[in-house]
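Student: Before anything else, here's the structure in question.
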Amino acid sequence: MSALREDWLKALTEQAADALGPIADVIVEQAAEEATSFDEIRRRVSAQMDQAARLRFLKATEPLAAEVRRIMGLAKTAAAEPRSPTVARPAGATPDTLDRSDPGFVDSLAGYLTKDLGPVGGIMVHEAARRCRTKMQLCMRLASAVNDQALKDMLLRRALD
């Protein structure tokens with residue numbers, strides 16, 4: 001499996017080099033050391049790119065990521081994590097708090113953006129959800145990351161709900 005992993009990382013590095021140049025080797029290597037999955041490596045590497053390059057990179061590497069997930073036996077979509085429907089809401093959480101007790105909110109946003117942007121949309125939502133504390137913050141972050149005005153407007157309306 002180690003040789004296969006090296007092949008995957010080499011392919012990822014080649015794609016990243018289009019946006020990052022020669023430093024892509026170092027960035028992919030660091031991400032691979034710190035990450036626990038191939039999808040996380042992709043997210044960490046793409047975080048070093050501007051928005052347009054990030055979207056191109058994630059779209060270009062999605063077939064590779066799908067192959068890795070298939071080989072590793074992971075049937076979940078990119079960036080999806082197992083969620084327990086019975087997780088208690090943390091102390092101090094409000095209905096607007098983004099936590100695991102309401103995975104439907106994040107999943108519905110991911111589904112909506114996936115329809116509009118392809119697999120990259122779902123990846124964007126799940127990545128942003130890990131960095132946001134509230135639903136409003138998540139919607140605002142996503143709205144600032146998309147160029148489609150109708151999608152941006154929908155996200156801003158959701159942020160204000």
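All residue names refer to the structure tokens as shown: chains lettered A, B, ... in order, residues numbered from 1 in each chain, ligands numbered from 1 in order.
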Name the residues in contact with Ala19 of chain A at a cut-off of 8 Å, using only C-alpha atoms, excluding same-chain residues fewer than 3 positions from it; report them as a CSV table (one decimal) with N, CA, C and O atoms, in the first residue's frame.
Tutor:
```csv
chain,number,residue,atom,x,y,z
A,15,GLN,N,-0.6,18.0,-9.7
A,15,GLN,CA,-1.8,18.9,-9.8
A,15,GLN,C,-1.6,20.2,-9.0
A,15,GLN,O,-1.9,21.3,-9.5
A,16,ALA,N,-1.1,20.1,-7.8
A,16,ALA,CA,-0.9,21.2,-6.9
A,16,ALA,C,0.2,22.2,-7.5
A,16,ALA,O,0.1,23.4,-7.3
A,49,MET,N,-4.1,27.7,-1.7
A,49,MET,CA,-4.4,28.3,-3.0
A,49,MET,C,-5.4,29.4,-2.9
A,49,MET,O,-6.2,29.4,-2.0
A,53,ALA,N,-8.0,28.8,-8.0
A,53,ALA,CA,-7.0,27.7,-8.1
A,53,ALA,C,-7.5,26.5,-7.3
A,53,ALA,O,-7.4,25.3,-7.7
A,57,PHE,N,-8.2,22.8,-8.6
A,57,PHE,CA,-7.4,21.7,-8.0
A,57,PHE,C,-8.3,20.6,-7.5
A,57,PHE,O,-8.1,19.4,-7.7
```
Student: Need to verify the contact set: segment 104-119 of chain A, 8 Å, only C-alpha atoms, exclusion of same-chain residues closer than 4 positions in sequence. Can you return it as a PyMOL selection string?
Tutor: chain A and resi 59+62+78+123-126+129
Student: Using only C-alpha atoms, can you tell me which of A:Ala60, A:Val45, A:Met72, A:Leu20 comes closest to Arg5 of chain A?
Tutor: A:Met72
Student: Tell me, as an MDAnalysis selection string, which residues lie within 10 Å of Ile41 of chain A, counting only C-alpha atoms; anything in the same chain fewer than 4 positions away does not count.
Tutor: chainID A and resid 9 12 27:37 45:47
Student: Could you jot down the atom CA of Arg141 of chain A to atom CA of Arg43 of chain A separation for me, Å, one decimal place?
Tutor: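 Between atom CA of Arg141 of chain A and atom CA of Arg43 of chain A the gap works out to 15.8 Å.
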